[in-house]
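Shown here: protein-v6.cif, mmCIF, N, CA and C atoms.
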```
data_upload
loop_
_atom_site.label_atom_id
_atom_site.label_comp_id
_atom_site.auth_asym_id
_atom_site.auth_seq_id
_atom_site.Cartn_x
_atom_site.Cartn_y
_atom_site.Cartn_z
N MET A 1 29.19 8.17 -52.15
CA MET A 1 28.01 7.47 -52.58
C MET A 1 27.76 7.71 -54.07
N ALA A 2 28.05 8.93 -54.55
CA ALA A 2 27.83 9.24 -55.96
C ALA A 2 28.67 8.34 -56.85
N ALA A 3 29.93 8.16 -56.50
CA ALA A 3 30.81 7.30 -57.29
C ALA A 3 30.34 5.86 -57.28
N LYS A 4 29.87 5.40 -56.14
CA LYS A 4 29.39 4.03 -56.00
C LYS A 4 28.26 3.74 -56.98
N HIS A 5 27.41 4.73 -57.22
CA HIS A 5 26.24 4.55 -58.08
C HIS A 5 26.41 5.18 -59.46
N GLY A 6 27.62 5.64 -59.77
CA GLY A 6 27.90 6.18 -61.09
C GLY A 6 27.23 7.51 -61.37
N VAL A 7 27.00 8.30 -60.35
CA VAL A 7 26.34 9.60 -60.51
C VAL A 7 27.42 10.66 -60.68
N SER A 8 27.25 11.50 -61.70
CA SER A 8 28.27 12.53 -61.95
C SER A 8 28.12 13.74 -61.03
N ASN A 9 26.90 14.06 -60.61
CA ASN A 9 26.68 15.18 -59.69
C ASN A 9 26.53 14.60 -58.29
N PRO A 10 27.50 14.87 -57.41
CA PRO A 10 27.46 14.24 -56.09
C PRO A 10 26.37 14.79 -55.17
N LEU A 11 25.77 15.94 -55.52
CA LEU A 11 24.73 16.49 -54.67
C LEU A 11 23.35 16.07 -55.18
N PRO A 12 22.51 15.56 -54.29
CA PRO A 12 21.16 15.16 -54.71
C PRO A 12 20.33 16.39 -55.06
N PRO A 13 19.28 16.21 -55.86
CA PRO A 13 18.48 17.35 -56.29
C PRO A 13 17.79 18.09 -55.13
N TRP A 14 17.60 17.42 -54.01
CA TRP A 14 16.93 18.07 -52.87
C TRP A 14 17.87 18.92 -52.03
N LYS A 15 19.18 18.91 -52.34
CA LYS A 15 20.14 19.68 -51.53
C LYS A 15 19.85 21.18 -51.58
N SER A 16 19.45 21.69 -52.74
CA SER A 16 19.15 23.12 -52.82
C SER A 16 17.94 23.47 -51.95
N SER A 17 16.97 22.57 -51.87
CA SER A 17 15.82 22.79 -50.99
C SER A 17 16.23 22.77 -49.52
N LEU A 18 17.15 21.89 -49.17
CA LEU A 18 17.66 21.83 -47.80
C LEU A 18 18.39 23.12 -47.46
N ASP A 19 19.21 23.61 -48.37
CA ASP A 19 19.92 24.86 -48.14
C ASP A 19 18.94 26.02 -47.97
N ALA A 20 17.90 26.04 -48.80
CA ALA A 20 16.89 27.10 -48.70
C ALA A 20 16.15 27.02 -47.36
N LEU A 21 15.82 25.81 -46.93
CA LEU A 21 15.14 25.64 -45.64
C LEU A 21 16.02 26.17 -44.51
N CYS A 22 17.30 25.86 -44.56
CA CYS A 22 18.22 26.35 -43.53
C CYS A 22 18.29 27.88 -43.55
N ASP A 23 18.31 28.47 -44.74
CA ASP A 23 18.32 29.93 -44.85
C ASP A 23 17.05 30.54 -44.24
N VAL A 24 15.91 29.93 -44.51
CA VAL A 24 14.64 30.41 -43.95
C VAL A 24 14.66 30.28 -42.43
N LEU A 25 15.13 29.18 -41.92
CA LEU A 25 15.20 28.99 -40.47
C LEU A 25 16.11 30.04 -39.83
N ASP A 26 17.19 30.40 -40.51
CA ASP A 26 18.11 31.40 -39.98
C ASP A 26 17.46 32.77 -39.87
N ARG A 27 16.46 33.02 -40.69
CA ARG A 27 15.81 34.33 -40.71
C ARG A 27 14.42 34.31 -40.07
N SER A 28 14.07 33.22 -39.45
CA SER A 28 12.74 33.05 -38.88
C SER A 28 12.51 34.01 -37.73
N ALA A 29 11.30 34.54 -37.69
CA ALA A 29 10.92 35.44 -36.61
C ALA A 29 9.65 34.93 -35.92
N CYS A 30 9.35 33.65 -36.07
CA CYS A 30 8.13 33.11 -35.47
C CYS A 30 8.38 32.78 -34.00
N ASP A 31 7.33 32.34 -33.33
CA ASP A 31 7.42 32.06 -31.90
C ASP A 31 8.04 30.69 -31.59
N ALA A 32 8.23 29.86 -32.58
CA ALA A 32 8.79 28.53 -32.34
C ALA A 32 10.22 28.65 -31.83
N GLN A 33 10.64 27.65 -31.10
CA GLN A 33 11.99 27.64 -30.52
C GLN A 33 13.01 27.12 -31.54
N ILE A 34 13.11 27.82 -32.65
CA ILE A 34 14.03 27.43 -33.70
C ILE A 34 15.44 27.86 -33.30
N PRO A 35 16.37 26.92 -33.29
CA PRO A 35 17.75 27.31 -32.94
C PRO A 35 18.32 28.26 -33.99
N ASN A 36 19.13 29.22 -33.53
CA ASN A 36 19.74 30.16 -34.48
C ASN A 36 20.81 29.43 -35.29
N PHE A 37 21.39 30.15 -36.24
CA PHE A 37 22.36 29.56 -37.15
C PHE A 37 23.50 28.86 -36.40
N SER A 38 24.08 29.57 -35.46
CA SER A 38 25.23 29.04 -34.73
C SER A 38 24.87 27.78 -33.94
N ALA A 39 23.76 27.83 -33.21
CA ALA A 39 23.33 26.68 -32.42
C ALA A 39 22.99 25.49 -33.33
N ARG A 40 22.30 25.78 -34.44
CA ARG A 40 21.93 24.70 -35.36
C ARG A 40 23.16 24.06 -35.97
N ARG A 41 24.14 24.88 -36.38
CA ARG A 41 25.37 24.34 -36.97
C ARG A 41 26.16 23.53 -35.95
N ASP A 42 26.22 24.03 -34.71
CA ASP A 42 26.92 23.28 -33.66
C ASP A 42 26.26 21.91 -33.46
N GLU A 43 24.93 21.89 -33.40
CA GLU A 43 24.21 20.62 -33.25
C GLU A 43 24.45 19.73 -34.45
N GLU A 44 24.37 20.32 -35.65
CA GLU A 44 24.59 19.55 -36.87
C GLU A 44 25.99 18.94 -36.89
N ASP A 45 26.99 19.73 -36.53
CA ASP A 45 28.37 19.23 -36.51
C ASP A 45 28.52 18.08 -35.51
N GLU A 46 27.95 18.25 -34.33
CA GLU A 46 28.03 17.22 -33.29
C GLU A 46 27.31 15.94 -33.73
N LEU A 47 26.08 16.08 -34.23
CA LEU A 47 25.32 14.91 -34.65
C LEU A 47 25.96 14.22 -35.86
N SER A 48 26.49 15.01 -36.79
CA SER A 48 27.12 14.44 -37.98
C SER A 48 28.40 13.68 -37.64
N ALA A 49 29.06 14.10 -36.58
CA ALA A 49 30.31 13.45 -36.18
C ALA A 49 30.08 12.25 -35.26
N THR A 50 28.89 12.15 -34.70
CA THR A 50 28.63 11.07 -33.73
C THR A 50 27.45 10.21 -34.18
N THR A 51 26.27 10.65 -33.87
CA THR A 51 25.05 9.86 -34.11
C THR A 51 24.87 9.48 -35.57
N TYR A 52 25.18 10.41 -36.48
CA TYR A 52 24.95 10.17 -37.91
C TYR A 52 26.25 10.08 -38.70
N ALA A 53 27.32 9.69 -38.04
CA ALA A 53 28.64 9.62 -38.70
C ALA A 53 28.66 8.62 -39.86
N ALA A 54 27.83 7.61 -39.81
CA ALA A 54 27.83 6.59 -40.87
C ALA A 54 27.10 7.05 -42.13
N LEU A 55 26.37 8.14 -42.04
CA LEU A 55 25.66 8.65 -43.21
C LEU A 55 26.57 9.54 -44.04
N PRO A 56 26.42 9.50 -45.35
CA PRO A 56 27.22 10.38 -46.20
C PRO A 56 26.67 11.81 -46.15
N TYR A 57 27.50 12.77 -46.57
CA TYR A 57 27.05 14.15 -46.73
C TYR A 57 26.34 14.24 -48.07
N PRO A 58 25.24 14.92 -48.20
CA PRO A 58 24.54 15.79 -47.29
C PRO A 58 23.41 15.12 -46.52
N GLU A 59 23.28 13.79 -46.66
CA GLU A 59 22.22 13.10 -45.93
C GLU A 59 22.35 13.31 -44.42
N ASN A 60 23.61 13.32 -43.93
CA ASN A 60 23.79 13.53 -42.49
C ASN A 60 23.33 14.93 -42.08
N GLN A 61 23.49 15.92 -42.95
CA GLN A 61 23.01 17.27 -42.65
C GLN A 61 21.49 17.29 -42.56
N LEU A 62 20.82 16.62 -43.47
CA LEU A 62 19.37 16.56 -43.48
C LEU A 62 18.83 15.89 -42.23
N VAL A 63 19.40 14.74 -41.87
CA VAL A 63 18.93 14.00 -40.70
C VAL A 63 19.25 14.78 -39.41
N ALA A 64 20.40 15.42 -39.37
CA ALA A 64 20.75 16.22 -38.19
C ALA A 64 19.79 17.39 -38.03
N LEU A 65 19.38 18.01 -39.13
CA LEU A 65 18.42 19.11 -39.05
C LEU A 65 17.08 18.60 -38.53
N ALA A 66 16.61 17.49 -39.06
CA ALA A 66 15.34 16.93 -38.57
C ALA A 66 15.43 16.60 -37.09
N HIS A 67 16.53 16.00 -36.68
CA HIS A 67 16.76 15.66 -35.27
C HIS A 67 16.69 16.93 -34.41
N SER A 68 17.39 17.97 -34.84
CA SER A 68 17.43 19.23 -34.10
C SER A 68 16.05 19.87 -34.00
N LEU A 69 15.32 19.89 -35.11
CA LEU A 69 13.99 20.51 -35.10
C LEU A 69 13.02 19.74 -34.20
N MET A 70 13.16 18.42 -34.16
CA MET A 70 12.32 17.64 -33.24
C MET A 70 12.72 17.88 -31.79
N THR A 71 14.01 17.95 -31.53
CA THR A 71 14.50 18.19 -30.17
C THR A 71 14.00 19.52 -29.64
N HIS A 72 13.92 20.52 -30.51
CA HIS A 72 13.49 21.86 -30.10
C HIS A 72 11.97 22.04 -30.18
N GLY A 73 11.25 21.00 -30.55
CA GLY A 73 9.79 21.09 -30.58
C GLY A 73 9.21 21.85 -31.75
N VAL A 74 10.00 22.07 -32.79
CA VAL A 74 9.52 22.77 -33.97
C VAL A 74 8.59 21.86 -34.77
N ILE A 75 8.92 20.59 -34.81
CA ILE A 75 8.11 19.58 -35.49
C ILE A 75 8.20 18.32 -34.64
N ASP A 76 7.12 17.55 -34.61
CA ASP A 76 7.19 16.30 -33.85
C ASP A 76 7.35 15.13 -34.81
N GLU A 77 7.64 13.98 -34.25
CA GLU A 77 7.93 12.81 -35.08
C GLU A 77 6.76 12.42 -35.97
N GLN A 78 5.55 12.49 -35.45
CA GLN A 78 4.37 12.13 -36.24
C GLN A 78 4.20 13.08 -37.43
N GLU A 79 4.36 14.37 -37.19
CA GLU A 79 4.24 15.33 -38.29
C GLU A 79 5.33 15.11 -39.33
N LEU A 80 6.53 14.81 -38.88
CA LEU A 80 7.62 14.52 -39.81
C LEU A 80 7.29 13.29 -40.65
N ARG A 81 6.78 12.24 -40.01
CA ARG A 81 6.39 11.03 -40.75
C ARG A 81 5.34 11.34 -41.81
N GLU A 82 4.34 12.14 -41.43
CA GLU A 82 3.28 12.49 -42.37
C GLU A 82 3.82 13.28 -43.55
N ARG A 83 4.73 14.18 -43.29
CA ARG A 83 5.31 14.98 -44.37
C ARG A 83 6.18 14.12 -45.28
N ILE A 84 6.89 13.17 -44.72
CA ILE A 84 7.70 12.26 -45.53
C ILE A 84 6.81 11.45 -46.47
N VAL A 85 5.68 10.99 -45.95
CA VAL A 85 4.73 10.24 -46.79
C VAL A 85 4.25 11.11 -47.95
N LEU A 86 3.90 12.36 -47.67
CA LEU A 86 3.43 13.26 -48.73
C LEU A 86 4.50 13.50 -49.78
N VAL A 87 5.72 13.71 -49.35
CA VAL A 87 6.82 13.94 -50.30
C VAL A 87 7.05 12.69 -51.14
N ARG A 88 7.06 11.53 -50.49
CA ARG A 88 7.26 10.27 -51.22
C ARG A 88 6.18 10.07 -52.28
N GLU A 89 4.92 10.38 -51.92
CA GLU A 89 3.83 10.25 -52.87
C GLU A 89 4.03 11.17 -54.08
N ARG A 90 4.48 12.40 -53.84
CA ARG A 90 4.73 13.33 -54.94
C ARG A 90 5.85 12.82 -55.84
N LEU A 91 6.88 12.26 -55.24
CA LEU A 91 8.02 11.77 -56.02
C LEU A 91 7.68 10.53 -56.84
N GLU A 92 6.72 9.76 -56.38
CA GLU A 92 6.39 8.51 -57.05
C GLU A 92 5.30 8.65 -58.10
N ARG A 93 4.82 9.85 -58.31
CA ARG A 93 3.78 10.07 -59.34
C ARG A 93 4.35 9.98 -60.72
#
```
Would you kindly transcribe this structure into C-alpha coordinates?
Amino acid sequence: MAAKHGVSNPLPPWKSSLDALCDVLDRSACDAQIPNFSARRDEEDELSATTYAALPYPENQLVALAHSLMTHGVIDEQELRERIVLVRERLER
(Lines of atoms letter the chains of each structure in order from A and count residues from 1; the text may use other names and numbers.)
(Lines give C-alpha, C1' and ligand atoms only; values in the text may rest on other atoms or scores of the structure.)
Protein backbone atom coordinates (compact mmCIF):
# COMPACT_ATOMS: atom_id res chain seq x y z
CA MET A 1 0.00 0.00 0.00
CA ALA A 2 2.89 2.38 0.76
CA ALA A 3 4.30 2.01 -2.75
CA LYS A 4 0.87 2.51 -4.29
CA HIS A 5 0.57 5.90 -2.59
CA GLY A 6 4.22 6.92 -2.89
CA VAL A 7 4.92 6.73 0.84
CA SER A 8 8.54 6.11 1.80
CA ASN A 9 7.79 4.79 5.31
CA PRO A 10 5.59 1.71 4.94
CA LEU A 11 4.45 1.81 8.57
CA PRO A 12 1.67 4.24 9.48
CA PRO A 13 2.30 6.64 12.37
CA TRP A 14 -0.20 4.77 14.57
CA LYS A 15 1.77 1.49 14.38
CA SER A 16 3.91 2.40 17.40
CA SER A 17 0.72 3.04 19.40
CA LEU A 18 -0.64 -0.34 18.32
CA ASP A 19 2.58 -2.04 19.42
CA ALA A 20 2.43 -0.23 22.77
CA LEU A 21 -1.20 -1.26 23.26
CA CYS A 22 -0.27 -4.89 22.59
CA ASP A 23 2.59 -4.63 25.11
CA VAL A 24 0.21 -3.22 27.74
CA LEU A 25 -2.32 -5.98 27.07
CA ASP A 26 0.43 -8.57 27.49
CA ARG A 27 1.20 -7.20 30.95
CA SER A 28 -2.37 -6.53 32.04
CA ALA A 29 -3.41 -7.68 35.49
CA CYS A 30 -7.01 -6.43 35.43
CA ASP A 31 -10.12 -8.56 35.79
CA ALA A 32 -11.06 -8.35 32.10
CA GLN A 33 -10.80 -11.50 30.02
CA ILE A 34 -7.87 -10.22 28.00
CA PRO A 35 -6.25 -13.01 26.01
CA ASN A 36 -2.58 -13.57 26.83
CA PHE A 37 0.17 -12.95 24.29
CA SER A 38 0.10 -16.45 22.83
CA ALA A 39 -3.69 -16.63 22.52
CA ARG A 40 -3.89 -13.12 21.06
CA ARG A 41 -1.17 -13.86 18.49
CA ASP A 42 -2.82 -17.15 17.53
CA GLU A 43 -6.13 -15.32 17.00
CA GLU A 44 -4.38 -12.53 15.11
CA ASP A 45 -2.60 -15.01 12.84
CA GLU A 46 -5.83 -16.90 12.14
CA LEU A 47 -7.90 -13.76 11.50
CA SER A 48 -5.17 -12.17 9.37
CA ALA A 49 -4.95 -15.28 7.21
CA THR A 50 -8.71 -15.71 6.79
CA THR A 51 -11.23 -13.03 7.73
CA TYR A 52 -8.88 -10.08 7.17
CA ALA A 53 -6.60 -11.57 4.51
CA ALA A 54 -7.50 -8.81 2.04
CA LEU A 55 -6.21 -6.09 4.37
CA PRO A 56 -2.56 -5.05 4.21
CA TYR A 57 -0.22 -5.28 7.20
CA PRO A 58 -0.40 -3.67 9.79
CA GLU A 59 -4.06 -2.81 9.22
CA ASN A 60 -4.94 -6.50 9.48
CA GLN A 61 -3.17 -6.64 12.86
CA LEU A 62 -5.19 -3.67 14.14
CA VAL A 63 -8.53 -5.07 12.95
CA ALA A 64 -7.71 -8.54 14.28
CA LEU A 65 -6.90 -7.05 17.70
CA ALA A 66 -10.20 -5.14 17.77
CA HIS A 67 -12.04 -8.31 16.72
CA SER A 68 -10.33 -10.32 19.46
CA LEU A 69 -10.99 -7.74 22.17
CA MET A 70 -14.67 -7.60 21.22
CA THR A 71 -14.91 -11.41 21.15
CA HIS A 72 -13.46 -11.58 24.66
CA GLY A 73 -15.75 -8.84 25.99
CA VAL A 74 -12.94 -6.38 26.73
CA ILE A 75 -14.67 -3.73 24.61
CA ASP A 76 -18.03 -3.80 22.87
CA GLU A 77 -18.85 -2.60 19.38
CA GLN A 78 -20.60 0.57 20.56
CA GLU A 79 -17.66 1.60 22.74
CA LEU A 80 -15.27 0.92 19.86
CA ARG A 81 -17.41 3.07 17.54
CA GLU A 82 -17.41 5.91 20.07
CA ARG A 83 -13.66 5.75 20.48
CA ILE A 84 -13.13 5.76 16.72
CA VAL A 85 -15.25 8.91 16.47
CA LEU A 86 -13.15 10.60 19.17
CA VAL A 87 -9.88 9.65 17.47
CA ARG A 88 -11.16 10.83 14.09
CA GLU A 89 -12.18 14.16 15.61
CA ARG A 90 -8.69 14.62 17.10
CA LEU A 91 -7.05 13.80 13.79
CA GLU A 92 -9.23 16.22 11.84
CA ARG A 93 -8.50 19.25 14.03
Give me the residues within 6 Å of segment 57-65 of chain A as a PDB file with N, CA and C atoms, in the coordinates of the input, counting only C-alpha atoms and dropping any in the same chain fewer than 4 places off.
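Produced file around00.pdb, reproduced below:
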```
ATOM      1  N   GLU A  44      24.370  20.320 -35.650  1.00  0.00           N
ATOM      2  CA  GLU A  44      24.590  19.550 -36.870  1.00  0.00           C
ATOM      3  C   GLU A  44      25.990  18.940 -36.890  1.00  0.00           C
ATOM      4  N   LEU A  47      26.080  16.080 -34.230  1.00  0.00           N
ATOM      5  CA  LEU A  47      25.320  14.910 -34.650  1.00  0.00           C
ATOM      6  C   LEU A  47      25.960  14.220 -35.860  1.00  0.00           C
ATOM      7  N   SER A  48      26.490  15.010 -36.790  1.00  0.00           N
ATOM      8  CA  SER A  48      27.120  14.440 -37.980  1.00  0.00           C
ATOM      9  C   SER A  48      28.400  13.680 -37.640  1.00  0.00           C
ATOM     10  N   TYR A  52      25.180  10.410 -36.480  1.00  0.00           N
ATOM     11  CA  TYR A  52      24.950  10.170 -37.910  1.00  0.00           C
ATOM     12  C   TYR A  52      26.250  10.080 -38.700  1.00  0.00           C
TER      13      TYR A  52
END
```
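Counting only C-alpha atoms and comparing A:Glu92, A:Phe37, A:Val87, A:Ala66, the residue that lies closest to Trp14 of chain A is A:Val87.
We find atom CA of Ala54 of chain A and atom CA of Pro10 of chain A to be spaced 17.0 Å apart.
Distance-wise, atom C of Thr51 of chain A and atom C of Val24 of chain A end up 24.2 Å apart.
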Counting all atoms listed in the file, which residue out of A:Glu82, A:Thr71, A:Arg90, A:Pro12 sits closest to Gln33 of chain A?
A:Thr71
I would like the residues chosen by the PyMOL selection byres (((chain A and resi 26 and name CA) around 12) and name CA) on the shown file; could you give them as a PyMOL selection string?
chain A and resi 19-25+27-30+33-41
Atom C of Leu11 of chain A and atom CA of Gln78 of chain A are how many Å apart?
27.1 Å
